[in-house]
Amino acid sequence: MFDLPLFLNSSLLSIGVFHFFAAMITIVSLLVVVSQHPVKSAVFLVVDLFLLAGLYASMDSHFIAAIQILVYAGAIVVLFLFVIMLLNLKADSIKGLRFSAPEAAALLISFIGFLIMTFNVFRGQAPEGIKGGFSIEAIDANGGNTYMVAMRLLTTYIWPFELASMLILLAIVAAIVIAKKDKILKSLIQKELR
Amino acid sequence: MTALIALLMSVSKVWKGTAILKGFNLISLIVAFGFALNNFVTGGLGVQIYLSGGYLSSRLGDLGQVLILLISIVVTQMISISYLSSKFNRGEIVALFHMVIAGMLALVGTDDLVTFFVGLEMASIGMYALVGYTKPTKISQEAAVKYFVLGSIAAAILLFGFGFIFAVTGSLRISEIGAAIAKVALNPWARLGVIFTLAGIGFKLALVPFHMWTADAYEGAPTGLTVFMATAMKVMIVIGAIRLFDSNLSEVKSVWLPALGFMAAASLIFANIMALAQQSLKRLFAYSSIAHSGYMALSLAAMGGVSSAHQVPSLIFYLIAYVVISLGVFAIIMWLENERCENLMVDDMAGLAKRYPLTATSMAVFMFALGGMPPTMGFISKFYVFNAALSNNMMALVVVAAIGSTISLYYYMRLIVKMFMLEPNPALENLIKPVKSKWTVAIVGFCVVVVLAGGTFAPETFMRLAKSTTVQSE
């Protein structure tokens, strides 16, 4: 078997659990992309995010796992489902994928490159795992996951944290600009389409 | 200082009046520029770190902020006097614009990979929206979607790279990573992280394997935003790349140097050849900007070399030259185009010298500068870059760059030939009707003066400015 990074070895749960989750996540992610009906895709996405939360939990990151379930699986994908239902999307009608010769060649080359990269990466020695203040022992000694995350977020990383809130504001403004029905814009678009 | 802009920006959404907004937009940028300039002039050579690495006050970052704010002011003014004014000077668009600038400022002044990434995303996401929806047409929305999809993938790859780097070094501080990664340089995970980071940076710089979005996004975007993408985004990424690769990742240069060298060479050859066939002016300058990214990558690659004396100053010098020339070129293009006649073709420039001799002459100066002809800053900047690469034994890359530069002369000269030796197309007489504007004269005049001065009697001044930024990075 491949030599896994140490931060997985040292966790409470065994490598077998990791392999189970990894395989499941790969399969379910493929199903998300391959499913023809958008609702099916979204439901698979929920399953996918739950599995990801399981992976986090197996690495002793319980806080992230909980947040993953609450925010992603609980809120965001449910919003996805709402939007899908509001828009009343039908199953995708595209039947099979067809590649032209250059596309197929590009795909093949990328795949070979990917294989070489994967082989080289796993052949070498695994990283020693997370060191310093973020090893599992250090986190336990310092009051647990939630405490550490909160402390870091509101002291060391307060600046990127604030910036991230502005990033979200920016995304909201951008989304509204795109979605809003502006009379000037509308006439412009119609002029363009004519 | 960046927070200042953020605060002002949120107010700008409240005021909807165009005239107030226009003035407000400009004034807030000028105030921020004043602060940045003050920082740059009075700040010592040392590095001060605030917010535990989140904000870093250094010569390099300060210079980047000054440049970005200067570009923003010029671009705002250029847009305000063009036909795009009523579309651009709307509350939400200006707010987006300011948030993009804030993201850029955050990126150039940081020592922290998290802030780096958040700043990059702010700049990119804002740009995706601005490209498509400042002046919504089919072509600009197509450009925005392409830019968005490819940009998101690149951001994901960059984040992946940062993740690997964090996993092997255990640090998110760029200055600490340098020492930590040297110990694990042979680790494949570290290599993967560095390569992914390089790919993300290469995408944002539009180097050749990752250049697919550039021509479409540049052509589809309103011209004012094209120039913003071509200059401010480049300043941001180049400064960020200097932070990452100079001295910090130089311990693992065996990993990224061949890849970066390949990207530089490919950009120089491919982009110049592609530019030969372009008819649209904006597409032409898109490919030309890919080629110039190639020169910058060449100089970035020189950082991995043996002597570390010239590379960063030469890169900064090249960056300043490129920014000034691009601003001038696009100011002229924006001046010529209008509501009915956007996206000018190369043929539209025919006979420009007969109708607007001064404009054509300044355009010719910029073309000579972009092509790297002697009396301009373009020549000196190329000279420094080649010199830096040569002193690091990169003969092959310099030869490639020289060949690319020769190819590029053809399409720059073609424009000059069109402007000076052909008769104007009478059908266009009615279409191209630029309004007289003091601001265009001022901007173009300033750029011409800087380009000529930088090439004749003042390159030392600019070089000293560029050199002063490197004191901290060693």
# chains A, B, ... in the order shown; residues from 1 in each chain; ligands from 1

call {"tool": "interface_residues", "arguments": {"of": "chain B", "to": "chain A", "cutoff": "8 Å", "atoms": "only C-alpha atoms", "output": "MDAnalysis selection string"}}
result
chainID B and resid 51:52 54:55 92:93 96 99 103 114:115 118:119 121:122 125:126 129 133 135:138 167:170 187:189 192

call {"tool": "residues_around", "arguments": {"residues": "stretch 26-33 of chain A", "least_positions_apart": "5", "cutoff": "9 Å", "atoms": "only C-alpha atoms", "output": "mmCIF file with C-alpha atoms, in the first residue's frame"}}
result
data_model
loop_
_atom_site.group_PDB
_atom_site.id
_atom_site.type_symbol
_atom_site.label_atom_id
_atom_site.label_comp_id
_atom_site.auth_asym_id
_atom_site.auth_seq_id
_atom_site.Cartn_x
_atom_site.Cartn_y
_atom_site.Cartn_z
ATOM 1 C CA PHE A 21 -14.003 7.584 3.410
ATOM 2 C CA PRO A 38 -29.938 18.183 -10.866
ATOM 3 C CA LYS A 40 -29.992 13.821 -7.684
ATOM 4 C CA SER A 41 -26.722 15.693 -8.094
ATOM 5 C CA ALA A 42 -27.527 17.958 -5.165
ATOM 6 C CA VAL A 43 -28.490 15.047 -2.927
ATOM 7 C CA PHE A 44 -25.251 13.274 -3.771
ATOM 8 C CA LEU A 45 -23.469 16.506 -2.918
ATOM 9 C CA VAL A 47 -23.828 12.836 0.989
ATOM 10 C CA ASP A 48 -20.419 13.883 -0.246
#

call {"tool": "atom_distance", "arguments": {"atom1": "atom CA of A:Ile25", "atom2": "atom CA of B:Gly163"}}
result
19.3 Å

call {"tool": "residues_around", "arguments": {"residues": "B:Thr376", "least_positions_apart": "4", "cutoff": "10 Å", "atoms": "only C-alpha atoms", "output": "PDB file with all heavy atoms, in the first residue's frame"}}
result
ATOM      1  N   ALA B 321       7.959  50.278 -16.359  1.00  0.00           N
ATOM      2  CA  ALA B 321       7.953  50.655 -17.771  1.00  0.00           C
ATOM      3  C   ALA B 321       6.693  50.136 -18.451  1.00  0.00           C
ATOM      4  O   ALA B 321       5.995  50.872 -19.151  1.00  0.00           O
ATOM      5  CB  ALA B 321       9.193  50.100 -18.467  1.00  0.00           C
ATOM      6  N   VAL B 365       5.556  56.398 -30.259  1.00  0.00           N
ATOM      7  CA  VAL B 365       6.536  56.305 -29.169  1.00  0.00           C
ATOM      8  C   VAL B 365       6.262  55.073 -28.322  1.00  0.00           C
ATOM      9  O   VAL B 365       7.171  54.291 -27.998  1.00  0.00           O
ATOM     10  CB  VAL B 365       6.498  57.576 -28.295  1.00  0.00           C
ATOM     11  CG1 VAL B 365       7.346  57.375 -27.041  1.00  0.00           C
ATOM     12  CG2 VAL B 365       6.993  58.769 -29.071  1.00  0.00           C
ATOM     13  N   PHE B 366       4.977  54.855 -27.992  1.00  0.00           N
ATOM     14  CA  PHE B 366       4.640  53.695 -27.155  1.00  0.00           C
ATOM     15  C   PHE B 366       4.947  52.391 -27.883  1.00  0.00           C
ATOM     16  O   PHE B 366       5.390  51.414 -27.280  1.00  0.00           O
ATOM     17  CB  PHE B 366       3.163  53.736 -26.761  1.00  0.00           C
ATOM     18  CG  PHE B 366       2.821  54.905 -25.887  1.00  0.00           C
ATOM     19  CD1 PHE B 366       1.664  55.613 -26.086  1.00  0.00           C
ATOM     20  CD2 PHE B 366       3.669  55.292 -24.870  1.00  0.00           C
ATOM     21  CE1 PHE B 366       1.346  56.693 -25.288  1.00  0.00           C
ATOM     22  CE2 PHE B 366       3.363  56.362 -24.066  1.00  0.00           C
ATOM     23  CZ  PHE B 366       2.200  57.067 -24.273  1.00  0.00           C
ATOM     24  N   MET B 367       4.682  52.383 -29.212  1.00  0.00           N
ATOM     25  CA  MET B 367       4.957  51.161 -29.964  1.00  0.00           C
ATOM     26  C   MET B 367       6.447  50.851 -29.958  1.00  0.00           C
ATOM     27  O   MET B 367       6.867  49.713 -29.754  1.00  0.00           O
ATOM     28  CB  MET B 367       4.483  51.316 -31.410  1.00  0.00           C
ATOM     29  CG  MET B 367       2.999  51.312 -31.604  1.00  0.00           C
ATOM     30  SD  MET B 367       2.231  49.844 -30.981  1.00  0.00           S
ATOM     31  CE  MET B 367       1.481  50.470 -29.532  1.00  0.00           C
ATOM     32  N   PHE B 368       7.268  51.905 -30.165  1.00  0.00           N
ATOM     33  CA  PHE B 368       8.716  51.705 -30.107  1.00  0.00           C
ATOM     34  C   PHE B 368       9.117  51.189 -28.735  1.00  0.00           C
ATOM     35  O   PHE B 368       9.958  50.308 -28.592  1.00  0.00           O
ATOM     36  CB  PHE B 368       9.453  53.015 -30.401  1.00  0.00           C
ATOM     37  CG  PHE B 368       9.569  53.323 -31.865  1.00  0.00           C
ATOM     38  CD1 PHE B 368       9.128  54.515 -32.385  1.00  0.00           C
ATOM     39  CD2 PHE B 368      10.134  52.385 -32.721  1.00  0.00           C
ATOM     40  CE1 PHE B 368       9.231  54.786 -33.734  1.00  0.00           C
ATOM     41  CE2 PHE B 368      10.246  52.647 -34.078  1.00  0.00           C
ATOM     42  CZ  PHE B 368       9.787  53.846 -34.578  1.00  0.00           C
ATOM     43  N   ALA B 369       8.479  51.745 -27.713  1.00  0.00           N
ATOM     44  CA  ALA B 369       8.835  51.341 -26.348  1.00  0.00           C
ATOM     45  C   ALA B 369       8.447  49.891 -26.105  1.00  0.00           C
ATOM     46  O   ALA B 369       9.227  49.110 -25.553  1.00  0.00           O
ATOM     47  CB  ALA B 369       8.141  52.247 -25.343  1.00  0.00           C
ATOM     48  N   LEU B 370       7.252  49.494 -26.567  1.00  0.00           N
ATOM     49  CA  LEU B 370       6.836  48.105 -26.366  1.00  0.00           C
ATOM     50  C   LEU B 370       7.739  47.159 -27.145  1.00  0.00           C
ATOM     51  O   LEU B 370       8.043  46.056 -26.707  1.00  0.00           O
ATOM     52  CB  LEU B 370       5.378  47.916 -26.816  1.00  0.00           C
ATOM     53  CG  LEU B 370       4.297  48.418 -25.870  1.00  0.00           C
ATOM     54  CD1 LEU B 370       2.941  48.253 -26.515  1.00  0.00           C
ATOM     55  CD2 LEU B 370       4.328  47.669 -24.561  1.00  0.00           C
ATOM     56  N   GLY B 371       8.158  47.600 -28.328  1.00  0.00           N
ATOM     57  CA  GLY B 371       9.044  46.765 -29.116  1.00  0.00           C
ATOM     58  C   GLY B 371      10.471  46.764 -28.590  1.00  0.00           C
ATOM     59  O   GLY B 371      11.285  45.970 -29.021  1.00  0.00           O
ATOM     60  N   GLY B 372      10.781  47.681 -27.696  1.00  0.00           N
ATOM     61  CA  GLY B 372      12.116  47.710 -27.101  1.00  0.00           C
ATOM     62  C   GLY B 372      13.138  48.443 -27.942  1.00  0.00           C
ATOM     63  O   GLY B 372      14.273  48.008 -28.075  1.00  0.00           O
ATOM     64  N   ILE B 380      15.572  50.149 -22.300  1.00  0.00           N
ATOM     65  CA  ILE B 380      16.380  50.036 -21.078  1.00  0.00           C
ATOM     66  C   ILE B 380      15.860  48.898 -20.207  1.00  0.00           C
ATOM     67  O   ILE B 380      16.632  48.105 -19.658  1.00  0.00           O
ATOM     68  CB  ILE B 380      16.342  51.356 -20.289  1.00  0.00           C
ATOM     69  CG1 ILE B 380      16.851  52.496 -21.151  1.00  0.00           C
ATOM     70  CG2 ILE B 380      17.163  51.246 -19.028  1.00  0.00           C
ATOM     71  CD1 ILE B 380      18.324  52.546 -21.304  1.00  0.00           C
ATOM     72  N   SER B 381      14.508  48.797 -20.113  1.00  0.00           N
ATOM     73  CA  SER B 381      13.958  47.768 -19.235  1.00  0.00           C
ATOM     74  C   SER B 381      14.292  46.380 -19.772  1.00  0.00           C
ATOM     75  O   SER B 381      14.677  45.488 -19.014  1.00  0.00           O
ATOM     76  CB  SER B 381      12.449  47.943 -19.098  1.00  0.00           C
ATOM     77  OG  SER B 381      11.840  47.838 -20.349  1.00  0.00           O
ATOM     78  N   VAL B 448       4.247  59.729 -22.184  1.00  0.00           N
ATOM     79  CA  VAL B 448       5.293  59.920 -23.195  1.00  0.00           C
ATOM     80  C   VAL B 448       6.555  60.445 -22.539  1.00  0.00           C
ATOM     81  O   VAL B 448       7.663  59.951 -22.771  1.00  0.00           O
ATOM     82  CB  VAL B 448       4.812  60.899 -24.295  1.00  0.00           C
ATOM     83  CG1 VAL B 448       5.973  61.287 -25.183  1.00  0.00           C
ATOM     84  CG2 VAL B 448       3.720  60.267 -25.118  1.00  0.00           C
ATOM     85  N   VAL B 449       6.377  61.453 -21.663  1.00  0.00           N
ATOM     86  CA  VAL B 449       7.544  62.054 -21.016  1.00  0.00           C
ATOM     87  C   VAL B 449       8.286  61.008 -20.192  1.00  0.00           C
ATOM     88  O   VAL B 449       9.509  60.872 -20.272  1.00  0.00           O
ATOM     89  CB  VAL B 449       7.113  63.250 -20.137  1.00  0.00           C
ATOM     90  CG1 VAL B 449       8.263  63.679 -19.241  1.00  0.00           C
ATOM     91  CG2 VAL B 449       6.674  64.400 -21.017  1.00  0.00           C
ATOM     92  N   VAL B 450       7.524  60.218 -19.413  1.00  0.00           N
ATOM     93  CA  VAL B 450       8.184  59.214 -18.573  1.00  0.00           C
ATOM     94  C   VAL B 450       8.901  58.185 -19.433  1.00  0.00           C
ATOM     95  O   VAL B 450      10.037  57.800 -19.144  1.00  0.00           O
ATOM     96  CB  VAL B 450       7.153  58.530 -17.649  1.00  0.00           C
ATOM     97  CG1 VAL B 450       7.793  57.357 -16.933  1.00  0.00           C
ATOM     98  CG2 VAL B 450       6.616  59.511 -16.650  1.00  0.00           C
ATOM     99  N   VAL B 451       8.226  57.752 -20.515  1.00  0.00           N
ATOM    100  CA  VAL B 451       8.830  56.718 -21.360  1.00  0.00           C
ATOM    101  C   VAL B 451      10.122  57.230 -21.980  1.00  0.00           C
ATOM    102  O   VAL B 451      11.140  56.529 -21.995  1.00  0.00           O
ATOM    103  CB  VAL B 451       7.829  56.286 -22.455  1.00  0.00           C
ATOM    104  CG1 VAL B 451       8.539  55.497 -23.527  1.00  0.00           C
ATOM    105  CG2 VAL B 451       6.730  55.451 -21.848  1.00  0.00           C
ATOM    106  N   LEU B 452      10.095  58.478 -22.471  1.00  0.00           N
ATOM    107  CA  LEU B 452      11.309  59.007 -23.098  1.00  0.00           C
ATOM    108  C   LEU B 452      12.382  59.304 -22.057  1.00  0.00           C
ATOM    109  O   LEU B 452      13.555  58.998 -22.247  1.00  0.00           O
ATOM    110  CB  LEU B 452      10.979  60.263 -23.906  1.00  0.00           C
ATOM    111  CG  LEU B 452      10.205  59.982 -25.194  1.00  0.00           C
ATOM    112  CD1 LEU B 452       9.905  61.267 -25.919  1.00  0.00           C
ATOM    113  CD2 LEU B 452      10.992  59.041 -26.098  1.00  0.00           C
ATOM    114  N   ALA B 453      11.952  59.874 -20.926  1.00  0.00           N
ATOM    115  CA  ALA B 453      12.929  60.199 -19.882  1.00  0.00           C
ATOM    116  C   ALA B 453      13.572  58.925 -19.361  1.00  0.00           C
ATOM    117  O   ALA B 453      14.789  58.860 -19.163  1.00  0.00           O
ATOM    118  CB  ALA B 453      12.252  60.956 -18.747  1.00  0.00           C
ATOM    119  N   GLY B 454      12.742  57.886 -19.167  1.00  0.00           N
ATOM    120  CA  GLY B 454      13.279  56.630 -18.661  1.00  0.00           C
ATOM    121  C   GLY B 454      14.258  56.002 -19.626  1.00  0.00           C
ATOM    122  O   GLY B 454      15.077  55.178 -19.239  1.00  0.00           O
ATOM    123  N   GLY B 455      14.158  56.375 -20.888  1.00  0.00           N
ATOM    124  CA  GLY B 455      15.063  55.792 -21.865  1.00  0.00           C
ATOM    125  C   GLY B 455      16.291  56.631 -22.116  1.00  0.00           C
ATOM    126  O   GLY B 455      17.264  56.152 -22.680  1.00  0.00           O
ATOM    127  N   THR B 456      16.260  57.904 -21.744  1.00  0.00           N
ATOM    128  CA  THR B 456      17.395  58.746 -22.098  1.00  0.00           C
ATOM    129  C   THR B 456      18.213  59.175 -20.886  1.00  0.00           C
ATOM    130  O   THR B 456      19.302  58.673 -20.661  1.00  0.00           O
ATOM    131  CB  THR B 456      16.914  59.993 -22.859  1.00  0.00           C
ATOM    132  OG1 THR B 456      15.837  60.580 -22.113  1.00  0.00           O
ATOM    133  CG2 THR B 456      16.437  59.628 -24.237  1.00  0.00           C
ATOM    134  N   PRO B 459      17.140  56.807 -16.500  1.00  0.00           N
ATOM    135  CA  PRO B 459      16.986  55.411 -16.063  1.00  0.00           C
ATOM    136  C   PRO B 459      17.606  55.159 -14.696  1.00  0.00           C
ATOM    137  O   PRO B 459      17.111  54.318 -13.943  1.00  0.00           O
ATOM    138  CB  PRO B 459      17.698  54.604 -17.158  1.00  0.00           C
ATOM    139  CG  PRO B 459      18.544  55.550 -17.881  1.00  0.00           C
ATOM    140  CD  PRO B 459      17.869  56.869 -17.772  1.00  0.00           C
TER     141      PRO B 459
END

call {"tool": "select_by_dssp", "arguments": {"residues": "stretch 125-203 of chain B", "states": "alpha helix (DSSP H)", "output": "CSV table (one decimal) with N, CA and C atoms, in the first residue's frame"}}
result
chain,number,residue,atom,x,y,z
B,125,ILE,N,-12.5,38.0,-8.1
B,125,ILE,CA,-14.0,37.9,-8.2
B,125,ILE,C,-14.6,39.2,-8.6
B,126,GLY,N,-14.1,40.3,-8.0
B,126,GLY,CA,-14.6,41.6,-8.4
B,126,GLY,C,-14.4,41.8,-9.9
B,127,MET,N,-13.2,41.4,-10.4
B,127,MET,CA,-13.0,41.6,-11.8
B,127,MET,C,-13.9,40.8,-12.7
B,128,TYR,N,-14.2,39.6,-12.3
B,128,TYR,CA,-15.1,38.8,-13.1
B,128,TYR,C,-16.4,39.5,-13.3
B,129,ALA,N,-16.9,40.1,-12.2
B,129,ALA,CA,-18.2,40.8,-12.2
B,129,ALA,C,-18.1,42.0,-13.1
B,130,LEU,N,-17.0,42.8,-12.8
B,130,LEU,CA,-16.8,44.1,-13.5
B,130,LEU,C,-16.7,43.8,-15.0
B,131,VAL,N,-15.9,42.8,-15.4
B,131,VAL,CA,-15.7,42.6,-16.8
B,131,VAL,C,-17.1,42.3,-17.5
B,132,GLY,N,-17.9,41.5,-16.9
B,132,GLY,CA,-19.1,41.2,-17.6
B,132,GLY,C,-20.2,42.2,-17.5
B,133,TYR,N,-20.3,42.9,-16.4
B,133,TYR,CA,-21.5,43.7,-16.1
B,133,TYR,C,-21.4,45.2,-16.1
B,138,LYS,N,-23.2,40.7,-25.2
B,138,LYS,CA,-23.0,39.2,-25.3
B,138,LYS,C,-21.5,38.9,-25.1
B,139,ILE,N,-20.7,39.6,-25.8
B,139,ILE,CA,-19.3,39.3,-25.9
B,139,ILE,C,-18.6,39.5,-24.5
B,140,SER,N,-19.0,40.6,-23.8
B,140,SER,CA,-18.4,40.8,-22.5
B,140,SER,C,-18.9,39.8,-21.5
B,141,GLN,N,-20.1,39.3,-21.6
B,141,GLN,CA,-20.6,38.3,-20.7
B,141,GLN,C,-19.9,37.0,-20.9
B,142,GLU,N,-19.7,36.7,-22.2
B,142,GLU,CA,-19.0,35.4,-22.6
B,142,GLU,C,-17.6,35.5,-22.0
B,143,ALA,N,-17.0,36.7,-22.1
B,143,ALA,CA,-15.6,36.8,-21.6
B,143,ALA,C,-15.6,36.6,-20.1
B,144,ALA,N,-16.6,37.2,-19.4
B,144,ALA,CA,-16.7,37.1,-17.9
B,144,ALA,C,-16.9,35.6,-17.5
B,145,VAL,N,-17.7,34.9,-18.2
B,145,VAL,CA,-17.9,33.5,-17.8
B,145,VAL,C,-16.6,32.7,-18.0
B,146,LYS,N,-16.0,32.9,-19.1
B,146,LYS,CA,-14.7,32.2,-19.4
B,146,LYS,C,-13.7,32.5,-18.3
B,147,TYR,N,-13.6,33.8,-18.0
B,147,TYR,CA,-12.6,34.3,-17.0
B,147,TYR,C,-12.9,33.7,-15.7
B,148,PHE,N,-14.2,33.6,-15.4
B,148,PHE,CA,-14.7,33.2,-14.1
B,148,PHE,C,-14.3,31.7,-13.9
B,149,VAL,N,-14.7,30.9,-14.9
B,149,VAL,CA,-14.5,29.4,-14.8
B,149,VAL,C,-13.0,29.1,-14.7
B,150,LEU,N,-12.2,29.6,-15.6
B,150,LEU,CA,-10.8,29.3,-15.6
B,150,LEU,C,-10.1,29.9,-14.4
B,151,GLY,N,-10.5,31.1,-14.0
B,151,GLY,CA,-9.9,31.8,-12.9
B,151,GLY,C,-10.2,31.0,-11.6
B,152,SER,N,-11.4,30.4,-11.4
B,152,SER,CA,-11.8,29.7,-10.2
B,152,SER,C,-10.9,28.4,-10.2
B,153,ILE,N,-10.7,27.7,-11.3
B,153,ILE,CA,-9.9,26.5,-11.3
B,153,ILE,C,-8.5,26.9,-10.9
B,154,ALA,N,-8.0,28.0,-11.4
B,154,ALA,CA,-6.6,28.4,-11.1
B,154,ALA,C,-6.5,28.7,-9.6
B,155,ALA,N,-7.5,29.4,-9.1
B,155,ALA,CA,-7.5,29.7,-7.7
B,155,ALA,C,-7.5,28.5,-6.8
B,156,ALA,N,-8.3,27.5,-7.3
B,156,ALA,CA,-8.3,26.2,-6.5
B,156,ALA,C,-6.9,25.5,-6.5
B,157,ILE,N,-6.3,25.6,-7.7
B,157,ILE,CA,-4.9,25.0,-7.8
B,157,ILE,C,-4.0,25.7,-6.9
B,158,LEU,N,-4.1,27.0,-6.9
B,158,LEU,CA,-3.2,27.8,-6.1
B,158,LEU,C,-3.4,27.5,-4.6
B,159,LEU,N,-4.6,27.3,-4.2
B,159,LEU,CA,-5.0,27.0,-2.8
B,159,LEU,C,-4.4,25.6,-2.5
B,160,PHE,N,-4.6,24.7,-3.4
B,160,PHE,CA,-4.1,23.3,-3.2
B,160,PHE,C,-2.5,23.4,-3.0
B,161,GLY,N,-1.9,24.2,-3.8
B,161,GLY,CA,-0.4,24.4,-3.6
B,161,GLY,C,-0.1,24.9,-2.2
B,162,PHE,N,-0.8,26.0,-1.8
B,162,PHE,CA,-0.6,26.6,-0.5
B,162,PHE,C,-0.8,25.5,0.6
B,163,GLY,N,-1.9,24.7,0.4
B,163,GLY,CA,-2.2,23.6,1.3
B,163,GLY,C,-1.0,22.7,1.5
B,164,PHE,N,-0.5,22.2,0.4
B,164,PHE,CA,0.7,21.3,0.4
B,164,PHE,C,1.9,22.0,1.1
B,165,ILE,N,2.1,23.2,0.8
B,165,ILE,CA,3.2,23.9,1.4
B,165,ILE,C,3.1,24.0,2.9
B,166,PHE,N,1.8,24.3,3.3
B,166,PHE,CA,1.6,24.4,4.7
B,166,PHE,C,1.7,23.0,5.4
B,167,ALA,N,1.3,22.0,4.7
B,167,ALA,CA,1.4,20.6,5.3
B,167,ALA,C,2.8,20.2,5.5
B,168,VAL,N,3.7,20.6,4.6
B,168,VAL,CA,5.1,20.2,4.8
B,168,VAL,C,5.9,21.1,5.7
B,169,THR,N,5.6,22.4,5.7
B,169,THR,CA,6.4,23.4,6.4
B,169,THR,C,5.8,23.7,7.8
B,174,ILE,N,5.0,33.7,4.8
B,174,ILE,CA,5.9,33.5,3.6
B,174,ILE,C,7.4,33.5,4.0
B,175,SER,N,7.7,34.4,5.0
B,175,SER,CA,9.1,34.6,5.4
B,175,SER,C,9.6,33.4,6.1
B,176,GLU,N,8.7,32.7,6.8
B,176,GLU,CA,9.1,31.5,7.5
B,176,GLU,C,9.2,30.2,6.7
B,177,ILE,N,8.4,30.2,5.6
B,177,ILE,CA,8.4,29.1,4.7
B,177,ILE,C,9.7,28.9,4.1
B,178,GLY,N,10.4,30.0,3.7
B,178,GLY,CA,11.7,29.9,3.1
B,178,GLY,C,12.7,29.0,3.8
B,179,ALA,N,12.8,29.2,5.1
B,179,ALA,CA,13.7,28.4,5.9
B,179,ALA,C,13.2,27.0,6.1
B,180,ALA,N,11.9,26.9,6.3
B,180,ALA,CA,11.3,25.6,6.6
B,180,ALA,C,11.4,24.6,5.4
B,181,ILE,N,11.2,25.2,4.2
B,181,ILE,CA,11.0,24.3,3.0
B,181,ILE,C,12.4,23.8,2.6
B,182,ALA,N,13.4,24.5,3.0
B,182,ALA,CA,14.8,24.1,2.6
B,182,ALA,C,15.0,22.7,3.2
B,183,LYS,N,14.5,22.4,4.4
B,183,LYS,CA,14.7,21.1,5.0
B,183,LYS,C,14.0,20.0,4.4
B,188,PRO,N,8.4,15.1,-2.1
B,188,PRO,CA,7.5,15.3,-3.2
B,188,PRO,C,6.3,16.1,-2.9
B,189,TRP,N,5.8,16.1,-1.7
B,189,TRP,CA,4.7,16.9,-1.4
B,189,TRP,C,5.0,18.4,-1.4
B,190,ALA,N,6.2,18.7,-1.0
B,190,ALA,CA,6.7,20.1,-1.1
B,190,ALA,C,6.8,20.5,-2.5
B,191,ARG,N,7.3,19.6,-3.3
B,191,ARG,CA,7.5,19.9,-4.8
B,191,ARG,C,6.1,20.2,-5.4
B,192,LEU,N,5.2,19.3,-5.1
B,192,LEU,CA,3.9,19.4,-5.6
B,192,LEU,C,3.3,20.8,-5.2
B,193,GLY,N,3.5,21.2,-4.0
B,193,GLY,CA,2.9,22.4,-3.5
B,193,GLY,C,3.5,23.6,-4.3
B,194,VAL,N,4.9,23.6,-4.5
B,194,VAL,CA,5.5,24.7,-5.2
B,194,VAL,C,5.0,24.7,-6.6
B,195,ILE,N,4.9,23.5,-7.3
B,195,ILE,CA,4.5,23.5,-8.7
B,195,ILE,C,3.1,24.0,-8.8
B,196,PHE,N,2.2,23.6,-7.9
B,196,PHE,CA,0.8,24.1,-8.0
B,196,PHE,C,0.7,25.6,-7.8
B,197,THR,N,1.5,26.1,-6.8
B,197,THR,CA,1.6,27.5,-6.6
B,197,THR,C,2.0,28.3,-7.8
B,198,LEU,N,3.1,27.7,-8.5
B,198,LEU,CA,3.6,28.3,-9.7
B,198,LEU,C,2.5,28.3,-10.8
B,199,ALA,N,1.8,27.2,-10.9
B,199,ALA,CA,0.7,27.2,-11.9
B,199,ALA,C,-0.3,28.2,-11.6
B,200,GLY,N,-0.7,28.4,-10.4
B,200,GLY,CA,-1.7,29.4,-10.1
B,200,GLY,C,-1.2,30.8,-10.4
B,201,ILE,N,0.0,31.1,-10.0
B,201,ILE,CA,0.6,32.4,-10.3
B,201,ILE,C,0.7,32.6,-11.8
B,202,GLY,N,1.1,31.5,-12.5
B,202,GLY,CA,1.3,31.6,-14.0
B,202,GLY,C,-0.1,31.9,-14.6
B,203,PHE,N,-1.1,31.4,-14.1
B,203,PHE,CA,-2.4,31.6,-14.7
B,203,PHE,C,-2.8,33.1,-14.5

call {"tool": "atom_distance", "arguments": {"atom1": "atom CA of A:Ala53", "atom2": "atom CA of A:Leu115"}}
result
27.6 Å

call {"tool": "residues_around", "arguments": {"residues": "B:Ile320", "least_positions_apart": "6", "cutoff": "12 Å", "atoms": "only C-alpha atoms", "output": "ChimeraX atom specification"}}
result
/B:63-64,66-68,70-71,231-232,234-235,238-239,296,313-314,326-327,377-378,380-382,447,450-451,454,459,462-463,465-466

call {"tool": "atom_distance", "arguments": {"atom1": "atom CA of B:Met236", "atom2": "atom CA of B:Leu120"}}
result
8.6 Å

call {"tool": "residues_around", "arguments": {"residues": "B:Leu207", "least_positions_apart": "3", "cutoff": "9 Å", "atoms": "only C-alpha atoms", "output": "MDAnalysis selection string"}}
result
chainID B and resid 201:204 210:211 263:264 266:268 290:291 293:294 297

call {"tool": "residues_around", "arguments": {"residues": "stretch 59-75 of chain A", "least_positions_apart": "4", "cutoff": "7 Å", "atoms": "only C-alpha atoms", "output": "list in words"}}
result
Leu8, Ser11, Val46, Leu49, Phe50, Ala53, Gly54, Leu55, Leu79, Asn145 and Thr146 of chain A
